[in-house]
>>> print(open('coords.cif').read())   # mmCIF, C-alpha atoms
data_final
#
loop_
_atom_site.group_PDB
_atom_site.id
_atom_site.type_symbol
_atom_site.label_atom_id
_atom_site.label_comp_id
_atom_site.auth_asym_id
_atom_site.auth_seq_id
_atom_site.Cartn_x
_atom_site.Cartn_y
_atom_site.Cartn_z
ATOM 1 C CA GLN A 818 -82.209 1.937 42.366
ATOM 2 C CA ALA A 819 -81.396 1.952 38.637
ATOM 3 C CA PRO A 820 -81.470 4.605 35.899
ATOM 4 C CA VAL A 821 -84.472 4.795 33.575
ATOM 5 C CA PHE A 822 -84.102 6.598 30.246
ATOM 6 C CA ILE A 823 -87.215 8.449 29.040
ATOM 7 C CA TYR A 824 -87.219 9.937 25.541
ATOM 8 C CA SER A 825 -89.529 12.749 24.459
ATOM 9 C CA VAL A 826 -90.066 14.763 21.298
ATOM 10 C CA ALA A 827 -91.777 18.018 22.209
ATOM 11 C CA SER A 828 -91.489 21.777 21.878
ATOM 12 C CA ARG A 829 -90.756 22.220 25.575
ATOM 13 C CA ASP A 830 -87.531 22.630 27.467
ATOM 14 C CA ALA A 831 -86.092 19.892 29.651
ATOM 15 C CA ARG A 832 -87.385 21.293 32.949
ATOM 16 C CA ALA A 833 -90.940 21.567 31.663
ATOM 17 C CA MET A 834 -90.817 18.029 30.308
ATOM 18 C CA ALA A 835 -89.432 16.751 33.601
ATOM 19 C CA ARG A 836 -92.400 18.244 35.438
ATOM 20 C CA CYS A 837 -94.821 16.643 32.965
ATOM 21 C CA VAL A 838 -93.201 13.241 33.321
ATOM 22 C CA GLY A 839 -93.121 13.561 37.097
ATOM 23 C CA ARG A 840 -96.849 14.309 37.227
ATOM 24 C CA ALA A 841 -97.690 11.496 34.802
ATOM 25 C CA LEU A 842 -95.718 8.863 36.694
ATOM 26 C CA ALA A 843 -96.333 10.274 40.156
ATOM 27 C CA PHE A 844 -92.730 10.052 41.268
ATOM 28 C CA ARG A 845 -92.040 10.234 44.944
ATOM 29 C CA PRO A 846 -89.430 12.782 46.002
ATOM 30 C CA ARG A 847 -86.164 10.929 46.376
ATOM 31 C CA PRO A 848 -83.416 11.635 48.903
ATOM 32 C CA GLU A 849 -80.274 13.440 47.902
ATOM 33 C CA PHE A 850 -78.217 11.457 45.410
ATOM 34 C CA VAL A 851 -75.284 9.873 47.220
ATOM 35 C CA ILE A 852 -72.467 8.006 45.474
ATOM 36 C CA PRO A 853 -71.297 5.056 47.559
ATOM 37 C CA GLY A 854 -67.646 5.173 48.509
ATOM 38 C CA PHE A 855 -65.204 2.607 47.169
ATOM 39 C CA ARG A 856 -62.791 0.913 49.526
ATOM 40 C CA PRO A 857 -60.421 -1.367 47.637
ATOM 41 C CA PRO A 858 -58.942 -4.345 49.459
ATOM 42 C CA PRO A 859 -55.269 -4.128 50.436
ATOM 43 C CA ILE A 860 -52.739 -4.890 47.702
ATOM 44 C CA ARG A 861 -51.331 -8.401 48.060
ATOM 45 C CA LYS A 862 -47.756 -8.798 49.235
ATOM 46 C CA SER A 863 -47.235 -11.385 46.476
ATOM 47 C CA PRO A 864 -49.350 -12.146 43.394
ATOM 48 C CA LYS A 865 -52.087 -14.756 43.647
ATOM 49 C CA THR A 866 -52.566 -17.192 40.758
ATOM 50 C CA VAL A 867 -55.956 -18.733 40.015
ATOM 51 C CA THR A 868 -56.102 -21.539 37.432
ATOM 52 C CA GLU A 869 -59.150 -23.203 35.893
ATOM 53 C CA THR A 870 -59.531 -25.547 32.930
ATOM 54 C CA ALA A 871 -62.101 -25.809 30.145
ATOM 55 C CA ASP A 872 -62.515 -27.244 26.652
ATOM 56 C CA LEU A 873 -60.722 -24.440 24.872
ATOM 57 C CA ALA A 874 -58.663 -24.096 21.736
ATOM 58 C CA GLN A 875 -56.207 -21.806 23.521
ATOM 59 C CA THR A 876 -55.320 -20.721 27.033
ATOM 60 C CA ARG A 877 -56.556 -17.358 28.268
ATOM 61 C CA ILE A 878 -54.674 -15.386 30.905
ATOM 62 C CA VAL A 879 -55.528 -12.152 32.699
ATOM 63 C CA MET A 880 -52.956 -10.273 34.772
ATOM 64 C CA GLY A 881 -54.509 -7.889 37.278
ATOM 65 C CA PHE A 882 -52.393 -4.926 38.425
ATOM 66 C CA ARG A 883 -53.123 -2.341 41.119
ATOM 67 C CA VAL A 884 -51.686 1.174 41.419
ATOM 68 C CA ARG A 885 -50.112 1.602 44.839
ATOM 69 C CA GLY A 886 -51.386 4.782 46.510
ATOM 70 C CA PHE A 887 -53.885 5.409 43.698
ATOM 71 C CA ARG A 888 -55.421 8.887 43.664
ATOM 72 C CA GLU A 889 -58.449 8.996 41.392
ATOM 73 C CA HIS A 890 -58.442 12.666 40.406
ATOM 74 C CA SER A 891 -54.679 12.971 39.848
ATOM 75 C CA ASP A 892 -53.832 9.461 38.568
ATOM 76 C CA GLY A 893 -56.966 8.637 36.563
ATOM 77 C CA TYR A 894 -56.175 10.612 33.411
ATOM 78 C CA PRO A 895 -52.448 9.707 33.242
ATOM 79 C CA GLY A 896 -53.296 6.050 33.867
ATOM 80 C CA ALA A 897 -55.977 5.950 31.169
ATOM 81 C CA LEU A 898 -53.778 7.657 28.565
ATOM 82 C CA ALA A 899 -50.759 5.498 29.406
ATOM 83 C CA ASP A 900 -52.951 2.409 29.084
ATOM 84 C CA LEU A 901 -53.804 3.319 25.481
ATOM 85 C CA ILE A 902 -50.095 3.434 24.708
ATOM 86 C CA PHE A 903 -49.403 0.284 26.708
ATOM 87 C CA GLY A 904 -52.119 -2.104 25.551
ATOM 88 C CA GLY A 905 -55.469 -0.385 25.114
ATOM 89 C CA ASP A 906 -55.260 0.283 21.378
ATOM 90 C CA ALA A 907 -54.759 -1.752 18.202
ATOM 91 C CA VAL A 908 -51.233 -0.347 17.748
ATOM 92 C CA SER A 909 -50.238 -0.553 21.411
ATOM 93 C CA ARG A 910 -46.882 -1.731 22.744
ATOM 94 C CA LEU A 911 -48.181 -5.066 24.019
ATOM 95 C CA PHE A 912 -49.687 -5.931 20.642
ATOM 96 C CA LYS A 913 -46.631 -4.907 18.633
ATOM 97 C CA SER A 914 -44.051 -6.417 20.990
ATOM 98 C CA ILE A 915 -45.633 -9.604 22.334
ATOM 99 C CA ARG A 916 -47.873 -10.619 19.447
ATOM 100 C CA GLU A 917 -46.241 -9.223 16.311
ATOM 101 C CA LYS A 918 -42.540 -9.164 17.211
ATOM 102 C CA LYS A 919 -42.243 -12.177 19.547
ATOM 103 C CA SER A 920 -45.276 -14.158 18.273
ATOM 104 C CA LEU A 921 -46.137 -15.224 21.823
ATOM 105 C CA ALA A 922 -49.876 -14.469 21.828
ATOM 106 C CA TYR A 923 -52.851 -14.884 19.528
ATOM 107 C CA GLY A 924 -54.151 -11.578 20.808
ATOM 108 C CA ILE A 925 -53.292 -9.304 23.728
ATOM 109 C CA GLY A 926 -54.538 -6.019 25.156
ATOM 110 C CA SER A 927 -55.169 -4.081 28.345
ATOM 111 C CA SER A 928 -57.785 -1.930 30.041
ATOM 112 C CA PHE A 929 -57.592 0.573 32.889
ATOM 113 C CA ASP A 930 -60.258 1.526 35.436
ATOM 114 C CA ASP A 931 -59.716 5.188 36.243
ATOM 115 C CA ARG A 932 -61.896 4.978 39.359
ATOM 116 C CA THR A 933 -60.117 2.113 41.100
ATOM 117 C CA GLY A 934 -56.613 2.107 39.606
ATOM 118 C CA VAL A 935 -56.946 -1.462 38.331
ATOM 119 C CA LEU A 936 -55.173 -2.404 35.092
ATOM 120 C CA LEU A 937 -56.009 -5.705 33.394
ATOM 121 C CA VAL A 938 -53.880 -7.387 30.740
ATOM 122 C CA SER A 939 -55.719 -10.095 28.813
ATOM 123 C CA ALA A 940 -54.149 -12.489 26.297
ATOM 124 C CA GLY A 941 -54.846 -15.660 24.368
ATOM 125 C CA VAL A 942 -51.731 -17.880 24.382
ATOM 126 C CA GLN A 943 -50.474 -21.419 24.199
ATOM 127 C CA ARG A 944 -50.085 -22.935 27.638
ATOM 128 C CA LYS A 945 -46.330 -23.389 27.241
ATOM 129 C CA ALA A 946 -45.909 -19.634 26.590
ATOM 130 C CA ILE A 947 -47.651 -18.367 29.746
ATOM 131 C CA ARG A 948 -44.514 -17.580 31.747
ATOM 132 C CA GLU A 949 -42.756 -15.926 28.830
ATOM 133 C CA VAL A 950 -45.797 -13.756 28.138
ATOM 134 C CA GLN A 951 -45.985 -12.728 31.797
ATOM 135 C CA SER A 952 -42.292 -11.834 31.823
ATOM 136 C CA SER A 953 -42.696 -9.803 28.643
ATOM 137 C CA VAL A 954 -45.683 -7.910 30.074
ATOM 138 C CA LEU A 955 -43.722 -7.091 33.239
ATOM 139 C CA ALA A 956 -40.817 -5.891 31.106
ATOM 140 C CA GLU A 957 -43.134 -3.523 29.205
ATOM 141 C CA VAL A 958 -44.557 -2.217 32.499
ATOM 142 C CA LYS A 959 -41.004 -1.537 33.707
ATOM 143 C CA SER A 960 -40.155 0.235 30.459
ATOM 144 C CA MET A 961 -43.190 2.507 30.816
ATOM 145 C CA ALA A 962 -42.290 3.181 34.459
ATOM 146 C CA GLN A 963 -38.809 4.259 33.377
ATOM 147 C CA GLY A 964 -40.356 6.885 31.118
ATOM 148 C CA ARG A 965 -39.631 5.169 27.805
ATOM 149 C CA ILE A 966 -42.678 6.709 26.119
ATOM 150 C CA ASP A 967 -42.155 8.689 22.937
ATOM 151 C CA ALA A 968 -44.141 11.682 21.746
ATOM 152 C CA LYS A 969 -45.407 9.851 18.656
ATOM 153 C CA ALA A 970 -47.056 7.179 20.806
ATOM 154 C CA LYS A 971 -48.802 9.865 22.852
ATOM 155 C CA ASP A 972 -50.005 11.601 19.683
ATOM 156 C CA VAL A 973 -51.452 8.319 18.365
ATOM 157 C CA ALA A 974 -53.222 7.727 21.692
ATOM 158 C CA MET A 975 -54.686 11.244 21.650
ATOM 159 C CA ARG A 976 -55.990 10.777 18.112
ATOM 160 C CA SER A 977 -57.616 7.534 19.195
ATOM 161 C CA LEU A 978 -59.228 9.280 22.168
ATOM 162 C CA THR A 979 -60.470 12.116 19.967
ATOM 163 C CA ARG A 980 -62.125 9.675 17.534
ATOM 164 C CA SER A 981 -63.721 7.845 20.443
ATOM 165 C CA PHE A 982 -65.063 11.059 21.967
ATOM 166 C CA ASP A 983 -66.359 12.250 18.592
ATOM 167 C CA GLY A 984 -68.392 9.048 18.375
ATOM 168 C CA VAL A 985 -70.269 9.898 21.575
ATOM 169 C CA HIS A 986 -72.204 12.554 19.642
ATOM 170 C CA ASP A 987 -73.516 9.948 17.182
ATOM 171 C CA SER A 988 -76.468 8.906 19.347
ATOM 172 C CA ALA A 989 -78.593 10.126 22.236
ATOM 173 C CA ASP A 990 -77.859 6.895 24.113
ATOM 174 C CA SER A 991 -74.119 7.580 24.018
ATOM 175 C CA LEU A 992 -74.530 11.130 25.291
ATOM 176 C CA ILE A 993 -76.857 10.053 28.091
ATOM 177 C CA ALA A 994 -74.500 7.240 29.112
ATOM 178 C CA PHE A 995 -71.533 9.637 29.086
ATOM 179 C CA HIS A 996 -73.177 12.162 31.388
ATOM 180 C CA LEU A 997 -74.525 9.462 33.689
ATOM 181 C CA MET A 998 -71.106 7.831 34.094
ATOM 182 C CA ARG A 999 -69.447 11.253 34.423
ATOM 183 C CA ARG A 1000 -71.693 11.966 37.385
ATOM 184 C CA LEU A 1001 -71.225 8.530 38.933
ATOM 185 C CA ALA A 1002 -67.445 8.870 38.598
ATOM 186 C CA GLU A 1003 -67.586 12.443 39.935
ATOM 187 C CA TYR A 1004 -65.457 13.855 37.128
ATOM 188 C CA ARG A 1005 -64.610 17.515 37.626
ATOM 189 C CA GLU A 1006 -64.803 18.044 33.861
ATOM 190 C CA LYS A 1007 -68.371 18.551 32.658
ATOM 191 C CA THR A 1008 -68.037 18.166 28.876
ATOM 192 C CA LEU A 1009 -66.208 15.973 26.379
ATOM 193 C CA ASP A 1010 -64.052 18.923 25.281
ATOM 194 C CA GLU A 1011 -63.008 19.588 28.877
ATOM 195 C CA MET A 1012 -62.047 15.936 29.289
ATOM 196 C CA LEU A 1013 -59.980 15.983 26.094
ATOM 197 C CA ASP A 1014 -58.203 19.121 27.277
ATOM 198 C CA ARG A 1015 -57.441 17.343 30.561
ATOM 199 C CA PHE A 1016 -55.913 14.424 28.653
ATOM 200 C CA ARG A 1017 -53.786 16.853 26.612
ATOM 201 C CA GLN A 1018 -52.313 18.200 29.854
ATOM 202 C CA VAL A 1019 -51.023 14.764 30.920
ATOM 203 C CA THR A 1020 -47.218 14.680 31.010
ATOM 204 C CA PHE A 1021 -44.812 11.834 30.321
ATOM 205 C CA ASP A 1022 -43.615 11.971 33.924
ATOM 206 C CA GLN A 1023 -47.180 11.530 35.196
ATOM 207 C CA MET A 1024 -47.733 8.448 33.036
ATOM 208 C CA ALA A 1025 -44.397 6.975 34.120
ATOM 209 C CA ASP A 1026 -45.254 7.656 37.762
ATOM 210 C CA VAL A 1027 -48.539 5.699 37.548
ATOM 211 C CA PHE A 1028 -46.845 2.721 35.898
ATOM 212 C CA GLY A 1029 -44.022 2.916 38.413
ATOM 213 C CA ARG A 1030 -46.571 2.206 41.148
ATOM 214 C CA LEU A 1031 -48.207 -0.749 39.398
ATOM 215 C CA VAL A 1032 -48.163 -3.954 41.451
ATOM 216 C CA LEU A 1033 -49.152 -7.357 40.067
ATOM 217 C CA ASP A 1034 -51.989 -8.520 42.315
ATOM 218 C CA THR A 1035 -53.699 -11.531 40.690
ATOM 219 C CA VAL A 1036 -53.117 -13.777 37.675
ATOM 220 C CA PHE A 1037 -56.084 -15.721 36.303
ATOM 221 C CA VAL A 1038 -55.422 -18.613 33.923
ATOM 222 C CA LEU A 1039 -58.182 -20.375 31.997
ATOM 223 C CA SER A 1040 -56.340 -23.283 30.399
ATOM 224 C CA GLU A 1041 -57.336 -25.957 27.921
ATOM 225 C CA ARG A 1042 -57.745 -29.413 29.378
ATOM 226 C CA PRO A 1043 -54.970 -31.929 28.602
ATOM 227 C CA GLY A 1044 -55.571 -33.463 25.210
ATOM 228 C CA ALA A 1045 -57.726 -30.611 23.914
ATOM 229 C CA LYS A 1046 -57.209 -29.752 20.256
ATOM 230 C CA THR A 1047 -55.339 -26.470 19.729
ATOM 231 C CA VAL A 1048 -55.312 -24.181 16.697
ATOM 232 C CA ASP A 1049 -52.497 -22.494 14.794
ATOM 233 C CA VAL A 1050 -54.374 -19.405 13.589
ATOM 234 C CA ASP A 1051 -54.661 -16.218 15.584
ATOM 235 C CA SER A 1052 -57.849 -14.437 16.580
ATOM 236 C CA HIS A 1053 -57.324 -11.666 14.012
ATOM 237 C CA GLY A 1054 -57.793 -13.794 10.918
ATOM 238 C CA GLY A 1055 -54.158 -14.484 9.957
ATOM 239 C CA GLY A 1056 -51.675 -17.179 10.760
ATOM 240 C CA GLU A 1057 -48.250 -15.787 9.986
ATOM 241 C CA ASN A 1058 -47.753 -14.369 13.474
ATOM 242 C CA ALA A 1059 -49.252 -17.259 15.427
ATOM 243 C CA PRO A 1060 -46.955 -19.113 17.851
#
>>> encode(input="coords.cif", output="structure tokens")
Amino acid sequence: QAPVFIYSVASRDARAMARCVGRALAFRPRPEFVIPGFRPPPIRKSPKTVTETADLAQTRIVMGFRVRGFREHSDGYPGALADLIFGGDAVSRLFKSIREKKSLAYGIGSSFDDRTGVLLVSAGVQRKAIREVQSSVLAEVKSMAQGRIDAKAKDVAMRSLTRSFDGVHDSADSLIAFHLMRRLAEYREKTLDEMLDRFRQVTFDQMADVFGRLVLDTVFVLSERPGAKTVDVDSHGGGENAP
């Protein structure tokens, strides 16, 4: 039911070692590997807001978006690359606009699931700034959807991806995890180089199209309790840009 990694150092090829391990552990033949299908729930007609409180120094918010009509094999790569430009990197638009320029968040970023078409925006803010941060995030989504993505931003995102992919070769664990997840996600590309080439083929129109179909589904707010002590320094070690 779960993967087991077995390491070996021997002068035999992988098939021979697999037979040796199979005999030693007396594996039973398993049925054909089947990946369970994913059926996402319907997109909400209006966003749902969930609020909880805790003893925190700052409020945390997460905005969950869904891509309407998401198609994994055609939308996955454009969505993932656009996310790096949008909020998935240290020099992304959300970080520069909402944290550095407007000083509305202690930290902010995003992540994109290329299997399900779910984009999450996470931020640490003061409670009084929640609505303004949400409005600013929606404005950045709209800007991306309108195709306001420059070539320099795409180049920076591709360099970031290349560095990340280069790091996969640094350990056996990383390579094993990559190929396992590639199989689970049913990627058509079989190698890291093929995946990078696929990212290079992504167009600006494709990225804009994915963001044009983003729908805000759920907003989660984890807020400090009334009277909790707040801080005036941001989560990146400096205070000049803190709200």
>>> resolve_selection(input="coords.cif", expression="the PyMOL selection byres ((chain A and resi 869) around 12)", output="mmCIF file with C-alpha atoms, in the frame of the given file")
data_model
loop_
_atom_site.group_PDB
_atom_site.id
_atom_site.type_symbol
_atom_site.label_atom_id
_atom_site.label_comp_id
_atom_site.auth_asym_id
_atom_site.auth_seq_id
_atom_site.Cartn_x
_atom_site.Cartn_y
_atom_site.Cartn_z
ATOM 1 C CA THR A 866 -52.566 -17.192 40.758
ATOM 2 C CA VAL A 867 -55.956 -18.733 40.015
ATOM 3 C CA THR A 868 -56.102 -21.539 37.432
ATOM 4 C CA THR A 870 -59.531 -25.547 32.930
ATOM 5 C CA ALA A 871 -62.101 -25.809 30.145
ATOM 6 C CA ASP A 872 -62.515 -27.244 26.652
ATOM 7 C CA LEU A 873 -60.722 -24.440 24.872
ATOM 8 C CA THR A 876 -55.320 -20.721 27.033
ATOM 9 C CA ARG A 877 -56.556 -17.358 28.268
ATOM 10 C CA ILE A 878 -54.674 -15.386 30.905
ATOM 11 C CA VAL A 1036 -53.117 -13.777 37.675
ATOM 12 C CA PHE A 1037 -56.084 -15.721 36.303
ATOM 13 C CA VAL A 1038 -55.422 -18.613 33.923
ATOM 14 C CA LEU A 1039 -58.182 -20.375 31.997
ATOM 15 C CA SER A 1040 -56.340 -23.283 30.399
ATOM 16 C CA GLU A 1041 -57.336 -25.957 27.921
ATOM 17 C CA ARG A 1042 -57.745 -29.413 29.378
#
>>> residues_near_point(input="coords.cif", point="(-49.1, -0.3, 24.9)", cutoff="9 Å", atoms="all atoms listed in the file", output="PyMOL selection string")
chain A and resi 899-914+926-927+957+961+970
>>> resolve_selection(input="coords.cif", expression="the PyMOL selection byres ((chain A and resi 825) around 12)", output="list of chain:residue names")
A:Phe822, A:Ile823, A:Tyr824, A:Val826, A:Ala827, A:Ser828, A:Arg829, A:Asp830, A:Ala831, A:Ala833, A:Met834, A:Ala835, A:Cys837, A:Val838, A:Ala989
>>> write_last_selection(input="coords.cif", atoms="C-alpha atoms", output="JSON list (two decimals), in the coordinates of the input")
[["chain", "number", "residue", "atom", "x", "y", "z"],
["A", 822, "PHE", "CA", -84.10, 6.60, 30.25],
["A", 823, "ILE", "CA", -87.22, 8.45, 29.04],
["A", 824, "TYR", "CA", -87.22, 9.94, 25.54],
["A", 826, "VAL", "CA", -90.07, 14.76, 21.30],
["A", 827, "ALA", "CA", -91.78, 18.02, 22.21],
["A", 828, "SER", "CA", -91.49, 21.78, 21.88],
["A", 829, "ARG", "CA", -90.76, 22.22, 25.58],
["A", 830, "ASP", "CA", -87.53, 22.63, 27.47],
["A", 831, "ALA", "CA", -86.09, 19.89, 29.65],
["A", 833, "ALA", "CA", -90.94, 21.57, 31.66],
["A", 834, "MET", "CA", -90.82, 18.03, 30.31],
["A", 835, "ALA", "CA", -89.43, 16.75, 33.60],
["A", 837, "CYS", "CA", -94.82, 16.64, 32.97],
["A", 838, "VAL", "CA", -93.20, 13.24, 33.32],
["A", 989, "ALA", "CA", -78.59, 10.13, 22.24]]
>>> resolve_selection(input="coords.cif", expression="the PyMOL selection byres ((chain A and resi 998-1000) around 12)", output="ChimeraX atom specification")
/A:820,850-852,931-932,991-997,1001-1009,1011-1012
>>> closest_residue(input="coords.cif", among="A:Ala946, A:Leu1013, A:Ala897, A:Ala974", to="Thr933 (chain A)", atoms="all atoms listed in the file")
A:Ala897
>>> residues_around(input="coords.cif", residues="region 937-942 of chain A", least_positions_apart="3", cutoff="9 Å", atoms="only C-alpha atoms", output="PyMOL selection string")
chain A and resi 875-883+904+921-930+945-947+950+954+1051-1052+1060
>>> closest_residue(input="coords.cif", among="A:Ala843, A:Ala874, A:Ile915, A:Ala968", to="Ser952 (chain A)", atoms="only C-alpha atoms")
A:Ile915
>>> closest_residue(input="coords.cif", among="A:Thr1035, A:Asp1026, A:Leu842, A:Arg888", to="Arg965 (chain A)", atoms="all atoms listed in the file")
A:Asp1026
>>> closest_residue(input="coords.cif", among="A:Gln943, A:Thr979, A:Gln1023, A:Ser953", to="Gly893 (chain A)", atoms="only C-alpha atoms")
A:Gln1023
>>> atom_distance(input="coords.cif", atom1="CA of Phe1028 (chain A)", atom2="CA of Asp1010 (chain A)")
25.9 Å
>>> atom_distance(input="coords.cif", atom1="CA of Met975 (chain A)", atom2="CA of Gly1029 (chain A)")
21.5 Å
>>> closest_residue(input="coords.cif", among="A:Arg980, A:Arg856, A:Arg861, A:Lys919", to="Phe887 (chain A)", atoms="only C-alpha atoms")
A:Arg856
>>> residues_around(input="coords.cif", residues="Gly886 (chain A)", least_positions_apart="6", cutoff="12 Å", atoms="only C-alpha atoms", output="list in words")
Pro857, Pro859, Ile860, Asp892, Thr933, Gly934, Val935, Asp1026, Val1027, Phe1028, Gly1029, Arg1030, Leu1031 and Val1032 of chain A
>>> closest_residue(input="coords.cif", among="A:Leu898, A:Val958, A:Met1024, A:Val985", to="Val973 (chain A)", atoms="all atoms listed in the file")
A:Leu898
>>> atom_distance(input="coords.cif", atom1="CA of Arg1017 (chain A)", atom2="CA of Asp983 (chain A)")
15.6 Å
>>> axis_aligned_box(input="coords.cif", around="region 868-883 of chain A", padding_each_side="4 Å", output="lines of an AutoDock Vina configuration file")
center_x = -57.5
center_y = -14.8
center_z = 31.4
size_x = 18.1
size_y = 32.9
size_z = 27.4
>>> decode(input="coords.cif", residues="region 907-941 of chain A", atoms="C-alpha atoms", output="compact mmCIF listing (two decimals), in the first residue's frame")
# COMPACT_ATOMS: atom_id res chain seq x y z
CA ALA A 907 11.07 34.85 -3.76
CA VAL A 908 10.83 37.58 -6.42
CA SER A 909 7.21 36.89 -7.38
CA ARG A 910 4.54 39.51 -8.03
CA LEU A 911 2.67 38.90 -4.78
CA PHE A 912 5.82 39.37 -2.71
CA LYS A 913 6.96 42.51 -4.53
CA SER A 914 3.53 44.13 -4.76
CA ILE A 915 1.74 43.21 -1.54
CA ARG A 916 4.64 42.89 0.88
CA GLU A 917 7.36 45.20 -0.44
CA LYS A 918 5.39 47.91 -2.25
CA LYS A 919 2.19 48.09 -0.17
CA SER A 920 3.59 46.70 3.12
CA LEU A 921 0.38 44.76 3.74
CA ALA A 922 1.84 41.37 4.67
CA TYR A 923 4.68 39.99 6.76
CA GLY A 924 5.14 37.30 4.15
CA ILE A 925 3.09 36.04 1.20
CA GLY A 926 3.39 33.34 -1.44
CA SER A 927 1.47 30.81 -3.51
CA SER A 928 1.58 27.19 -4.62
CA PHE A 929 -0.10 25.34 -7.47
CA ASP A 930 -1.15 21.68 -7.67
CA ASP A 931 -0.74 20.64 -11.29
CA ARG A 932 -2.85 17.51 -10.78
CA THR A 933 -5.96 19.15 -9.35
CA GLY A 934 -5.78 22.76 -10.55
CA VAL A 935 -5.81 24.15 -7.01
CA LEU A 936 -3.87 27.35 -6.31
CA LEU A 937 -3.26 28.41 -2.70
CA VAL A 938 -2.21 31.89 -1.61
CA SER A 939 -0.87 32.03 1.94
CA ALA A 940 -0.01 35.19 3.88
CA GLY A 941 0.80 36.44 7.35
